[in-house]
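Pasting protein_24.cif here (mmCIF, C-alpha atoms and all ligand atoms):
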data_structure
#
loop_
_atom_site.label_atom_id
_atom_site.label_comp_id
_atom_site.auth_asym_id
_atom_site.auth_seq_id
_atom_site.Cartn_x
_atom_site.Cartn_y
_atom_site.Cartn_z
CA MET A 15 -41.94 36.99 47.01
CA LYS A 16 -38.28 35.97 46.91
CA ALA A 17 -35.81 37.41 44.40
CA LEU A 18 -32.09 37.67 43.63
CA VAL A 19 -31.21 41.28 44.39
CA TYR A 20 -28.10 43.24 43.34
CA HIS A 21 -26.54 45.38 46.07
CA GLY A 22 -23.59 46.96 44.26
CA PRO A 23 -20.43 45.38 42.82
CA GLY A 24 -19.77 41.93 44.25
CA LYS A 25 -22.92 41.93 46.39
CA LYS A 26 -26.14 40.00 45.85
CA SER A 27 -28.70 38.27 48.03
CA TRP A 28 -31.76 36.03 47.80
CA GLU A 29 -34.29 38.05 49.74
CA GLU A 30 -37.90 39.07 50.23
CA LYS A 31 -39.19 41.74 47.81
CA PRO A 32 -42.73 43.05 47.17
CA LYS A 33 -44.56 41.06 44.48
CA PRO A 34 -44.72 43.25 41.34
CA THR A 35 -48.06 44.68 40.21
CA ILE A 36 -49.52 45.83 36.91
CA GLN A 37 -48.46 49.46 36.37
CA GLN A 38 -49.48 50.08 32.75
CA PRO A 39 -52.41 48.63 30.77
CA THR A 40 -49.85 46.99 28.43
CA ASP A 41 -48.12 45.09 31.30
CA ALA A 42 -48.38 41.42 32.18
CA LEU A 43 -47.45 39.84 35.48
CA VAL A 44 -45.68 36.49 34.96
CA ARG A 45 -45.03 33.80 37.55
CA ILE A 46 -41.56 32.49 36.69
CA THR A 47 -41.35 28.70 36.30
CA LYS A 48 -37.78 28.50 34.94
CA THR A 49 -35.02 31.05 34.61
CA THR A 50 -31.25 31.08 34.11
CA ILE A 51 -28.09 33.10 34.72
CA CYS A 52 -26.32 34.93 31.88
CA GLY A 53 -22.71 36.04 31.47
CA THR A 54 -24.18 39.55 31.44
CA ASP A 55 -25.35 39.07 35.05
CA LEU A 56 -21.74 38.33 36.00
CA HIS A 57 -20.67 41.55 34.23
CA ILE A 58 -23.28 43.45 36.27
CA LEU A 59 -21.99 41.88 39.50
CA LYS A 60 -18.46 42.94 38.58
CA GLY A 61 -19.73 46.51 38.33
CA ASP A 62 -19.32 46.72 34.53
CA VAL A 63 -22.91 47.94 34.01
CA PRO A 64 -23.16 51.03 36.23
CA GLU A 65 -26.80 51.83 35.30
CA VAL A 66 -27.88 48.84 37.42
CA ILE A 67 -28.78 50.27 40.82
CA ASP A 68 -28.59 48.82 44.32
CA GLY A 69 -31.84 46.94 44.97
CA ARG A 70 -32.41 45.80 41.36
CA ILE A 71 -33.65 42.23 40.79
CA LEU A 72 -31.37 40.63 38.17
CA GLY A 73 -32.20 38.29 35.26
CA HIS A 74 -33.50 38.77 31.71
CA GLU A 75 -34.28 35.21 30.63
CA GLY A 76 -36.98 32.73 31.56
CA VAL A 77 -40.32 31.08 30.96
CA GLY A 78 -43.44 31.30 33.08
CA VAL A 79 -47.21 31.47 33.41
CA ILE A 80 -49.29 34.63 33.04
CA GLU A 81 -50.74 35.60 36.41
CA GLU A 82 -52.48 38.81 35.40
CA THR A 83 -52.65 41.15 32.40
CA GLY A 84 -53.33 44.87 31.98
CA ASN A 85 -56.48 45.96 30.11
CA ALA A 86 -54.67 46.66 26.85
CA VAL A 87 -53.01 43.24 26.54
CA THR A 88 -54.84 41.30 23.84
CA SER A 89 -52.57 38.35 22.91
CA PHE A 90 -52.15 36.81 26.37
CA LYS A 91 -54.46 35.87 29.24
CA LYS A 92 -54.15 34.45 32.74
CA GLY A 93 -52.81 30.90 32.67
CA ASP A 94 -50.97 31.20 29.32
CA ARG A 95 -47.47 29.72 29.33
CA VAL A 96 -44.92 32.12 27.86
CA ILE A 97 -41.31 32.67 26.86
CA ILE A 98 -39.97 36.00 28.15
CA SER A 99 -37.77 37.83 25.65
CA CYS A 100 -34.66 39.53 27.06
CA ILE A 101 -35.64 42.51 24.88
CA THR A 102 -38.81 44.43 25.73
CA SER A 103 -40.35 46.18 22.73
CA CYS A 104 -43.40 48.39 22.23
CA GLY A 105 -43.79 47.43 18.56
CA LYS A 106 -44.81 51.03 17.76
CA CYS A 107 -41.76 53.31 17.85
CA ASP A 108 -39.51 54.07 14.84
CA TYR A 109 -36.92 51.47 15.85
CA CYS A 110 -39.52 48.76 16.48
CA LYS A 111 -41.07 49.50 13.08
CA LYS A 112 -37.64 48.73 11.56
CA GLY A 113 -37.44 45.47 13.51
CA MET A 114 -34.70 46.93 15.71
CA TYR A 115 -36.39 46.00 18.99
CA SER A 116 -33.11 46.30 20.90
CA HIS A 117 -33.31 50.07 20.46
CA CYS A 118 -37.04 50.37 21.27
CA GLU A 119 -37.59 53.91 22.58
CA ASN A 120 -39.85 52.51 25.30
CA GLY A 121 -37.99 49.30 26.04
CA GLY A 122 -34.91 47.50 24.71
CA TRP A 123 -32.78 45.60 27.18
CA ILE A 124 -34.39 46.80 30.41
CA LEU A 125 -35.16 43.54 32.31
CA GLY A 126 -32.74 42.96 35.16
CA HIS A 127 -31.03 46.17 34.05
CA LEU A 128 -33.25 49.26 34.29
CA ILE A 129 -36.31 47.46 35.73
CA ASP A 130 -36.60 44.37 37.93
CA GLY A 131 -35.83 41.09 36.17
CA THR A 132 -36.63 37.41 36.02
CA GLN A 133 -34.51 35.86 38.81
CA ALA A 134 -37.55 36.07 41.06
CA GLU A 135 -40.83 34.30 41.71
CA TYR A 136 -42.73 36.96 39.71
CA VAL A 137 -41.80 39.56 37.10
CA ARG A 138 -43.66 42.47 35.52
CA ILE A 139 -43.28 42.48 31.73
CA PRO A 140 -44.02 45.83 30.01
CA HIS A 141 -45.39 45.79 26.42
CA ALA A 142 -46.41 42.18 26.98
CA ASP A 143 -48.04 41.70 23.56
CA ASN A 144 -44.73 42.29 21.78
CA SER A 145 -42.29 41.00 24.40
CA LEU A 146 -43.68 37.55 25.23
CA TYR A 147 -44.14 34.44 23.08
CA HIS A 148 -46.67 31.64 23.53
CA ILE A 149 -45.24 28.24 24.45
CA PRO A 150 -46.79 25.55 22.24
CA PRO A 151 -48.53 22.80 24.27
CA GLY A 152 -46.34 19.82 25.10
CA SER A 153 -43.06 21.76 24.73
CA ASP A 154 -39.96 21.05 26.75
CA GLU A 155 -39.87 24.37 28.58
CA GLU A 156 -36.22 24.09 29.66
CA ALA A 157 -35.17 24.00 26.03
CA LEU A 158 -37.21 27.15 25.40
CA VAL A 159 -35.40 29.18 28.09
CA MET A 160 -32.56 29.27 25.54
CA LEU A 161 -34.84 31.40 23.33
CA SER A 162 -34.95 34.31 25.78
CA ASP A 163 -31.46 35.45 24.87
CA ILE A 164 -28.65 33.14 23.83
CA LEU A 165 -30.08 31.54 20.69
CA PRO A 166 -31.34 34.77 19.08
CA THR A 167 -28.12 36.51 20.18
CA GLY A 168 -25.82 33.84 18.71
CA PHE A 169 -27.92 33.71 15.55
CA GLU A 170 -28.64 37.40 14.89
CA CYS A 171 -25.39 39.01 16.05
CA GLY A 172 -23.12 36.14 14.93
CA VAL A 173 -24.63 34.11 12.10
CA LEU A 174 -26.90 36.61 10.33
CA ASN A 175 -24.62 39.62 10.75
CA GLY A 176 -21.63 37.39 9.87
CA LYS A 177 -23.36 36.39 6.58
CA VAL A 178 -22.62 32.68 7.05
CA GLN A 179 -23.10 30.97 3.67
CA PRO A 180 -23.08 27.38 2.36
CA GLY A 181 -19.52 26.21 1.76
CA ASN A 182 -17.94 29.17 3.57
CA THR A 183 -15.41 29.09 6.40
CA VAL A 184 -16.36 30.34 9.84
CA ALA A 185 -14.30 30.87 12.99
CA ILE A 186 -16.00 31.44 16.34
CA VAL A 187 -13.78 32.97 19.01
CA GLY A 188 -15.18 31.90 22.38
CA SER A 189 -16.83 28.56 23.09
CA GLY A 190 -19.10 29.67 25.93
CA PRO A 191 -22.91 29.47 25.72
CA ILE A 192 -23.15 32.34 23.20
CA GLY A 193 -20.37 31.02 20.97
CA LEU A 194 -21.97 27.58 21.10
CA ALA A 195 -25.36 29.11 20.23
CA SER A 196 -23.69 30.62 17.13
CA LEU A 197 -22.13 27.24 16.36
CA LEU A 198 -25.51 25.47 16.51
CA THR A 199 -27.37 28.06 14.42
CA ALA A 200 -24.54 28.56 11.88
CA GLN A 201 -25.19 24.98 10.80
CA PHE A 202 -28.59 26.02 9.32
CA TYR A 203 -26.45 27.39 6.45
CA ALA A 204 -24.09 24.44 5.97
CA PRO A 205 -20.73 26.23 6.07
CA ALA A 206 -17.80 24.01 5.00
CA GLU A 207 -15.72 24.67 8.12
CA ILE A 208 -16.56 25.93 11.59
CA ILE A 209 -13.40 26.49 13.63
CA MET A 210 -13.92 27.02 17.38
CA ILE A 211 -11.23 28.91 19.29
CA ASP A 212 -11.11 28.87 23.11
CA PRO A 213 -8.51 28.39 25.87
CA ASP A 214 -10.58 25.67 27.62
CA ASP A 215 -10.23 22.09 26.33
CA ASN A 216 -13.54 20.97 27.85
CA ARG A 217 -15.45 23.68 25.99
CA LEU A 218 -13.67 22.74 22.76
CA GLU A 219 -14.67 19.13 23.29
CA VAL A 220 -18.29 20.26 23.68
CA ALA A 221 -17.92 22.32 20.50
CA LYS A 222 -16.75 19.24 18.59
CA LYS A 223 -19.86 17.37 19.74
CA PHE A 224 -22.00 20.32 18.68
CA GLY A 225 -20.63 20.29 15.12
CA ALA A 226 -17.34 22.21 15.06
CA THR A 227 -15.13 20.83 12.28
CA GLN A 228 -11.88 22.10 13.88
CA THR A 229 -10.93 23.36 17.32
CA ILE A 230 -7.98 25.51 18.39
CA ASN A 231 -6.85 25.96 21.99
CA ASN A 232 -5.43 29.48 21.82
CA SER A 233 -3.68 29.12 25.18
CA LYS A 234 -1.50 26.38 23.67
CA GLN A 235 -1.45 27.15 19.94
CA ASN A 236 -0.96 30.26 17.83
CA ALA A 237 -4.55 30.73 16.67
CA ILE A 238 -3.66 33.04 13.78
CA GLU A 239 -1.15 30.61 12.28
CA LYS A 240 -3.46 27.65 12.85
CA VAL A 241 -6.46 29.33 11.16
CA LYS A 242 -4.28 30.33 8.19
CA GLN A 243 -3.01 26.76 7.95
CA LEU A 244 -6.59 25.39 7.94
CA THR A 245 -7.75 27.85 5.25
CA SER A 246 -4.90 27.65 2.69
CA GLY A 247 -3.47 30.89 4.03
CA LYS A 248 -6.63 32.89 3.35
CA GLY A 249 -8.35 33.24 6.73
CA VAL A 250 -12.07 32.77 7.32
CA ASP A 251 -15.04 34.28 5.51
CA THR A 252 -16.77 34.92 8.85
CA ALA A 253 -15.02 35.60 12.17
CA ILE A 254 -17.48 35.71 15.08
CA GLU A 255 -16.30 37.38 18.32
CA ALA A 256 -18.13 35.81 21.27
CA VAL A 257 -16.06 36.87 24.30
CA GLY A 258 -15.92 40.66 24.65
CA ILE A 259 -12.28 41.50 25.38
CA PRO A 260 -9.80 43.43 23.16
CA ALA A 261 -7.58 40.36 22.50
CA THR A 262 -10.40 38.27 21.03
CA PHE A 263 -11.67 41.08 18.81
CA GLU A 264 -8.14 41.77 17.58
CA LEU A 265 -7.70 38.04 16.87
CA CYS A 266 -10.71 38.28 14.55
CA GLU A 267 -8.96 41.13 12.68
CA PHE A 268 -6.02 38.82 11.94
CA ILE A 269 -8.00 35.75 10.86
CA VAL A 270 -10.64 37.31 8.60
CA ALA A 271 -10.14 36.63 4.88
CA PRO A 272 -10.28 39.38 2.25
CA GLY A 273 -13.97 40.13 1.64
CA GLY A 274 -14.92 38.58 4.97
CA VAL A 275 -17.01 39.75 7.89
CA ILE A 276 -16.10 40.25 11.55
CA ALA A 277 -19.33 39.87 13.51
CA ASN A 278 -19.01 41.09 17.07
CA ILE A 279 -21.29 39.63 19.75
CA GLY A 280 -19.19 40.24 22.90
CA VAL A 281 -20.06 42.91 25.47
CA HIS A 282 -16.95 45.13 25.50
CA GLY A 283 -15.87 47.22 28.45
CA LYS A 284 -12.60 48.41 26.88
CA SER A 285 -11.55 49.71 23.45
CA ALA A 286 -9.81 47.35 21.04
CA VAL A 287 -7.20 48.32 18.44
CA LEU A 288 -8.53 48.53 14.89
CA HIS A 289 -5.66 47.52 12.59
CA LEU A 290 -6.55 49.72 9.63
CA GLU A 291 -2.91 49.63 8.51
CA THR A 292 -3.60 46.08 7.29
CA LEU A 293 -7.38 46.02 6.99
CA TRP A 294 -7.92 49.15 4.88
CA ALA A 295 -7.49 47.24 1.62
CA GLN A 296 -9.05 43.93 2.68
CA ASN A 297 -12.71 44.62 1.70
CA ILE A 298 -13.91 43.47 5.07
CA THR A 299 -17.05 44.36 7.00
CA ILE A 300 -17.26 44.77 10.77
CA THR A 301 -20.69 44.45 12.36
CA THR A 302 -22.00 45.15 15.86
CA ARG A 303 -25.46 44.47 17.21
CA LEU A 304 -27.52 44.17 20.33
CA VAL A 305 -29.88 41.24 19.85
CA ASP A 306 -33.31 42.30 18.52
CA THR A 307 -34.96 38.90 19.19
CA VAL A 308 -36.85 39.28 15.88
CA THR A 309 -35.84 35.70 14.98
CA THR A 310 -37.31 34.15 18.15
CA PRO A 311 -40.50 32.86 16.40
CA MET A 312 -38.38 31.26 13.65
CA LEU A 313 -35.96 29.70 16.15
CA LEU A 314 -38.92 28.38 18.17
CA LYS A 315 -40.09 26.52 15.04
CA THR A 316 -36.65 24.97 14.54
CA ILE A 317 -36.69 23.68 18.13
CA GLN A 318 -40.26 22.37 17.79
CA SER A 319 -39.34 20.54 14.59
CA LYS A 320 -36.17 19.15 16.21
CA LYS A 321 -33.87 20.84 13.70
CA LEU A 322 -32.21 22.56 16.64
CA ASP A 323 -31.52 20.87 19.98
CA SER A 324 -31.17 23.78 22.37
CA LYS A 325 -31.40 21.59 25.46
CA LYS A 326 -27.83 20.43 25.07
CA LEU A 327 -26.68 23.88 26.18
CA ILE A 328 -28.01 23.09 29.68
CA THR A 329 -25.52 21.45 32.04
CA HIS A 330 -26.88 22.12 35.54
CA ASN A 331 -30.26 22.27 37.32
CA PHE A 332 -31.02 24.06 40.59
CA LYS A 333 -34.09 25.11 42.54
CA LEU A 334 -34.70 28.85 42.16
CA SER A 335 -34.26 29.19 45.94
CA ASP A 336 -30.77 27.71 45.52
CA ILE A 337 -29.72 30.52 43.13
CA ILE A 338 -26.71 31.63 45.20
CA ASN A 339 -25.17 28.17 44.65
CA ALA A 340 -26.13 28.33 40.99
CA TYR A 341 -24.20 31.62 40.67
CA GLU A 342 -21.23 29.92 42.32
CA THR A 343 -21.32 27.12 39.72
CA PHE A 344 -21.92 29.42 36.75
CA GLY A 345 -19.26 31.86 37.96
CA ASN A 346 -16.70 29.02 37.94
CA ALA A 347 -17.82 27.68 34.58
CA ALA A 348 -14.48 26.19 33.53
CA ARG A 349 -13.98 24.29 36.79
CA GLU A 350 -17.62 23.19 36.97
CA ARG A 351 -17.88 22.47 33.24
CA ALA A 352 -20.96 24.67 33.22
CA LEU A 353 -22.76 26.04 30.20
CA LYS A 354 -26.31 27.14 31.01
CA VAL A 355 -27.84 26.50 34.44
CA ILE A 356 -31.61 26.13 34.81
CA LEU A 357 -33.35 27.41 37.94
CA THR A 358 -36.80 25.96 38.60
CA ASN A 359 -39.37 27.76 40.75
CA GLU A 360 -41.22 24.92 42.44
ZN ZN A 401 -28.46 37.01 28.78
ZN ZN A 402 -40.49 50.35 20.39
#
Spit out the file's structure as structure tokens when you get a sec.
Ligand SMILES: [Zn+2]
Ligand SMILES: [Zn+2]
Amino acid sequence: MKALVYHGPGKKSWEEKPKPTIQQPTDALVRITKTTICGTDLHILKGDVPEVIDGRILGHEGVGVIEETGNAVTSFKKGDRVIISCITSCGKCDYCKKGMYSHCENGGWILGHLIDGTQAEYVRIPHADNSLYHIPPGSDEEALVMLSDILPTGFECGVLNGKVQPGNTVAIVGSGPIGLASLLTAQFYAPAEIIMIDPDDNRLEVAKKFGATQTINNSKQNAIEKVKQLTSGKGVDTAIEAVGIPATFELCEFIVAPGGVIANIGVHGKSAVLHLETLWAQNITITTRLVDTVTTPMLLKTIQSKKLDSKKLITHNFKLSDIINAYETFGNAARERALKVILTNE
């Protein structure tokens, strides 16, 4: 089969690899029909995720069709159409029992990281019963690719951890796919204001269309002053960090209101300054989380009932075999006006 293979920082190729096989009775083999590229894959290619070894197939998102199942798989059979969760979970360990699938002792984020991933014609999914979701008949499968990672990530790490409430004020720092996923799912709770902050005017324009009440271009405006001005000097009840660099996290520290929450989503490679000299008396909460994907079934229902339109996060379509070009487009997201790219295995 063909797959997108990582060969060390800056190096990748679309090449022939052996088709995966069932290794454990709890495995399923899935033929990928649609997959996508994540900002995390770009981090891996930069060399930010050193556990990823030369020869690893990348990708942790996608939908497909079950090709084969191990003997112990009971919820899925050959021919079933499935959503692949970016988090693999056994459902049996202490962390899984707490609903913290991201820290599963036998899984977690392993796809396209510690084991071969979804940017391939086939993928082996361990603990298939707990790590795959059935696609309801008649679904728009492209829309459901957004359930593998970005929607549960934006919702769990941003909206739920950020305790978004009706009538509250929210700021989302970063208007990329994850920030926009938080913007879409924050609206389940009807906050009074959602302020999007980003240095790219196109992404802010998209955010406006997706329901942002205010936008701030922080390359042209002082975001701290502007947020204070929009919130009667108070700051926001929820500040969601959706970038993953020290400057954006520190911005959240300056715009959170007393009693508010800073909900971090970004993948950080460097330490950020914690301004306890001002925050110690502010009654704030700081949260971190790796997505658990426990809300995937709920989010699937909101898409099915058209309460959530996840398809609008998709800007580009490519054939899976054209993945090198897709990386080029996604890697130059601002220039290409790219959000999520869909790769179809024909
Ligand atoms: Zn991802
Ligand atoms: Zn587990």
Next on the checklist: I'd like the neighbourhood of Phe90 (chain A) as a PyMOL selection string, where a residue qualifies if any of its atoms comes within 12 Å (using all atoms listed in the file), though same-chain residues fewer than 3 positions away should be ignored.
Outcome noted: chain A and resi 40-44+79-87+93-97+139+141-149
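Taking CA of Glu135 (chain A) as the reference point, CA of Ile46 (chain A) is found at 5.4 Å.
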Next on the checklist: Just want the 7 Å neighbourhood of region 255-267 of chain A, counted on all atoms listed in the file, with same-chain residues fewer than 5 positions away dropped. Output as a PyMOL selection string.
Outcome noted: chain A and resi 186-188+192-193+276-282+284-287
Quick one: contact table of chain A to ligand ZN 401 (chain A), 8 Å max, nearest atom pair and distance in Å to one decimal per residue, counting only C-alpha atoms and all ligand atoms, chain and number order, as JSON lines?
{"residue": "A:Ile51", "atom": "CA", "partner": "A:ZN401", "partner_atom": "ZN", "distance": 7.1}
{"residue": "A:Cys52", "atom": "CA", "partner": "A:ZN401", "partner_atom": "ZN", "distance": 4.3}
{"residue": "A:Gly53", "atom": "CA", "partner": "A:ZN401", "partner_atom": "ZN", "distance": 6.4}
{"residue": "A:Thr54", "atom": "CA", "partner": "A:ZN401", "partner_atom": "ZN", "distance": 5.6}
{"residue": "A:Asp55", "atom": "CA", "partner": "A:ZN401", "partner_atom": "ZN", "distance": 7.3}
{"residue": "A:Gly73", "atom": "CA", "partner": "A:ZN401", "partner_atom": "ZN", "distance": 7.6}
{"residue": "A:His74", "atom": "CA", "partner": "A:ZN401", "partner_atom": "ZN", "distance": 6.1}
{"residue": "A:Glu75", "atom": "CA", "partner": "A:ZN401", "partner_atom": "ZN", "distance": 6.4}
{"residue": "A:Cys100", "atom": "CA", "partner": "A:ZN401", "partner_atom": "ZN", "distance": 6.9}
{"residue": "A:Ser162", "atom": "CA", "partner": "A:ZN401", "partner_atom": "ZN", "distance": 7.6}
{"residue": "A:Asp163", "atom": "CA", "partner": "A:ZN401", "partner_atom": "ZN", "distance": 5.2}
{"residue": "A:Ile164", "atom": "CA", "partner": "A:ZN401", "partner_atom": "ZN", "distance": 6.3}
Checklist entry - Which residues sit within 8 Å of ligand ZN 402 (chain A), counting all atoms listed in the file, listed as a PyMOL selection string? => result chain A and resi 103-111+115+117-122
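The residue that comes closest to Ala185 (chain A), out of A:Ile101, A:Val220, A:Ala253, A:Leu357 and on the basis of all atoms listed in the file, is A:Ala253.
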Please, which residues in region 274-322 of chain A fall within 12 Å of region 233-252 of chain A when counting only C-alpha atoms, and what is the closest atom pair and distance in Å to one decimal for each, ordered by chain then residue number, as a tab-separated table?
residue	atom	partner	partner_atom	distance
A:Gly274	CA	A:Asp251	CA	4.3
A:Val275	CA	A:Thr252	CA	4.9
A:Ile276	CA	A:Thr252	CA	6.0
A:Ala277	CA	A:Thr252	CA	7.3
A:Asn278	CA	A:Thr252	CA	10.5
A:Gln296	CA	A:Lys248	CA	11.3
A:Asn297	CA	A:Asp251	CA	11.3
A:Ile298	CA	A:Asp251	CA	9.3
A:Thr299	CA	A:Thr252	CA	9.6
A:Ile300	CA	A:Thr252	CA	10.0
A:Thr301	CA	A:Thr252	CA	10.9
Write a file of the just-selected residues containing C-alpha atoms, as a tab-separated table (two decimals), in the frame of the given file.
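Produced file result-v5.tsv, reproduced below:
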chain	number	residue	atom	x	y	z
A	274	GLY	CA	-14.92	38.58	4.97
A	275	VAL	CA	-17.01	39.75	7.89
A	276	ILE	CA	-16.10	40.25	11.55
A	277	ALA	CA	-19.33	39.87	13.51
A	278	ASN	CA	-19.01	41.09	17.07
A	296	GLN	CA	-9.05	43.93	2.68
A	297	ASN	CA	-12.71	44.62	1.70
A	298	ILE	CA	-13.91	43.47	5.07
A	299	THR	CA	-17.05	44.36	7.00
A	300	ILE	CA	-17.26	44.77	10.77
A	301	THR	CA	-20.69	44.45	12.36
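Closest to Leu125 (chain A) among A:Val66, A:Pro150, A:Asp214, A:Ile230 is A:Val66, based on only C-alpha atoms.
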How close does region 129-184 of chain A get to region 195-213 of chain A? List, as a Markdown table, each residue of region 129-184 of chain A within 9 Å, its nearest atom pair and the distance in Å to one decimal, counting only C-alpha atoms.
| residue | atom | partner | partner_atom | distance |
| --- | --- | --- | --- | --- |
| A:Met160 | CA | A:Ala195 | CA | 8.9 |
| A:Ile164 | CA | A:Ala195 | CA | 6.3 |
| A:Leu165 | CA | A:Ala195 | CA | 5.3 |
| A:Pro166 | CA | A:Ala195 | CA | 8.3 |
| A:Thr167 | CA | A:Ala195 | CA | 7.9 |
| A:Gly168 | CA | A:Ser196 | CA | 4.2 |
| A:Phe169 | CA | A:Ser196 | CA | 5.5 |
| A:Glu170 | CA | A:Ser196 | CA | 8.7 |
| A:Cys171 | CA | A:Ser196 | CA | 8.6 |
| A:Gly172 | CA | A:Ser196 | CA | 6.0 |
| A:Val173 | CA | A:Ala200 | CA | 5.6 |
| A:Leu174 | CA | A:Ala200 | CA | 8.5 |
| A:Val178 | CA | A:Tyr203 | CA | 6.6 |
| A:Gln179 | CA | A:Tyr203 | CA | 5.6 |
| A:Pro180 | CA | A:Pro205 | CA | 4.5 |
| A:Gly181 | CA | A:Ala206 | CA | 4.3 |
| A:Asn182 | CA | A:Pro205 | CA | 4.8 |
| A:Thr183 | CA | A:Glu207 | CA | 4.8 |
| A:Val184 | CA | A:Ile208 | CA | 4.7 |
Missing atoms in region 231-248 of chain A: fill them in up to N, CA and C atoms and send the result as an mmCIF file, in the frame of the given file.
data_model
loop_
_atom_site.group_PDB
_atom_site.id
_atom_site.type_symbol
_atom_site.label_atom_id
_atom_site.label_comp_id
_atom_site.auth_asym_id
_atom_site.auth_seq_id
_atom_site.Cartn_x
_atom_site.Cartn_y
_atom_site.Cartn_z
ATOM 1 N N ASN A 231 -7.040 25.449 20.625
ATOM 2 C CA ASN A 231 -6.850 25.960 21.990
ATOM 3 C C ASN A 231 -5.829 27.085 21.907
ATOM 4 N N ASN A 232 -6.310 28.330 22.029
ATOM 5 C CA ASN A 232 -5.430 29.480 21.820
ATOM 6 C C ASN A 232 -4.542 29.793 23.025
ATOM 7 N N SER A 233 -4.653 28.961 24.102
ATOM 8 C CA SER A 233 -3.680 29.120 25.180
ATOM 9 C C SER A 233 -2.446 28.243 24.902
ATOM 10 N N LYS A 234 -2.612 27.283 23.977
ATOM 11 C CA LYS A 234 -1.500 26.380 23.670
ATOM 12 C C LYS A 234 -0.970 26.549 22.251
ATOM 13 N N GLN A 235 -1.858 27.049 21.344
ATOM 14 C CA GLN A 235 -1.450 27.150 19.940
ATOM 15 C C GLN A 235 -1.556 28.603 19.480
ATOM 16 N N ASN A 236 -0.815 28.950 18.447
ATOM 17 C CA ASN A 236 -0.960 30.260 17.830
ATOM 18 C C ASN A 236 -2.194 30.209 16.916
ATOM 19 N N ALA A 237 -3.270 30.851 17.377
ATOM 20 C CA ALA A 237 -4.550 30.730 16.670
ATOM 21 C C ALA A 237 -4.491 31.324 15.264
ATOM 22 N N ILE A 238 -3.724 32.402 15.111
ATOM 23 C CA ILE A 238 -3.660 33.040 13.780
ATOM 24 C C ILE A 238 -3.008 32.089 12.781
ATOM 25 N N GLU A 239 -1.854 31.551 13.173
ATOM 26 C CA GLU A 239 -1.150 30.610 12.280
ATOM 27 C C GLU A 239 -2.005 29.392 11.976
ATOM 28 N N LYS A 240 -2.674 28.877 13.013
ATOM 29 C CA LYS A 240 -3.460 27.650 12.850
ATOM 30 C C LYS A 240 -4.651 27.889 11.897
ATOM 31 N N VAL A 241 -5.330 29.034 12.058
ATOM 32 C CA VAL A 241 -6.460 29.330 11.160
ATOM 33 C C VAL A 241 -5.955 29.471 9.720
ATOM 34 N N LYS A 242 -4.842 30.157 9.533
ATOM 35 C CA LYS A 242 -4.280 30.330 8.190
ATOM 36 C C LYS A 242 -3.945 28.972 7.562
ATOM 37 N N GLN A 243 -3.371 28.102 8.405
ATOM 38 C CA GLN A 243 -3.010 26.760 7.950
ATOM 39 C C GLN A 243 -4.260 25.964 7.506
ATOM 40 N N LEU A 244 -5.355 26.141 8.239
ATOM 41 C CA LEU A 244 -6.590 25.390 7.940
ATOM 42 C C LEU A 244 -7.354 25.971 6.746
ATOM 43 N N THR A 245 -6.983 27.182 6.306
ATOM 44 C CA THR A 245 -7.750 27.850 5.250
ATOM 45 C C THR A 245 -6.858 28.220 4.058
ATOM 46 N N SER A 246 -5.849 27.424 3.798
ATOM 47 C CA SER A 246 -4.900 27.650 2.690
ATOM 48 C C SER A 246 -4.338 29.071 2.719
ATOM 49 N N GLY A 247 -4.083 29.571 3.904
ATOM 50 C CA GLY A 247 -3.470 30.890 4.030
ATOM 51 C C GLY A 247 -4.414 32.065 3.925
ATOM 52 N N LYS A 248 -5.704 31.792 3.643
ATOM 53 C CA LYS A 248 -6.630 32.890 3.350
ATOM 54 C C LYS A 248 -7.239 33.547 4.593
#
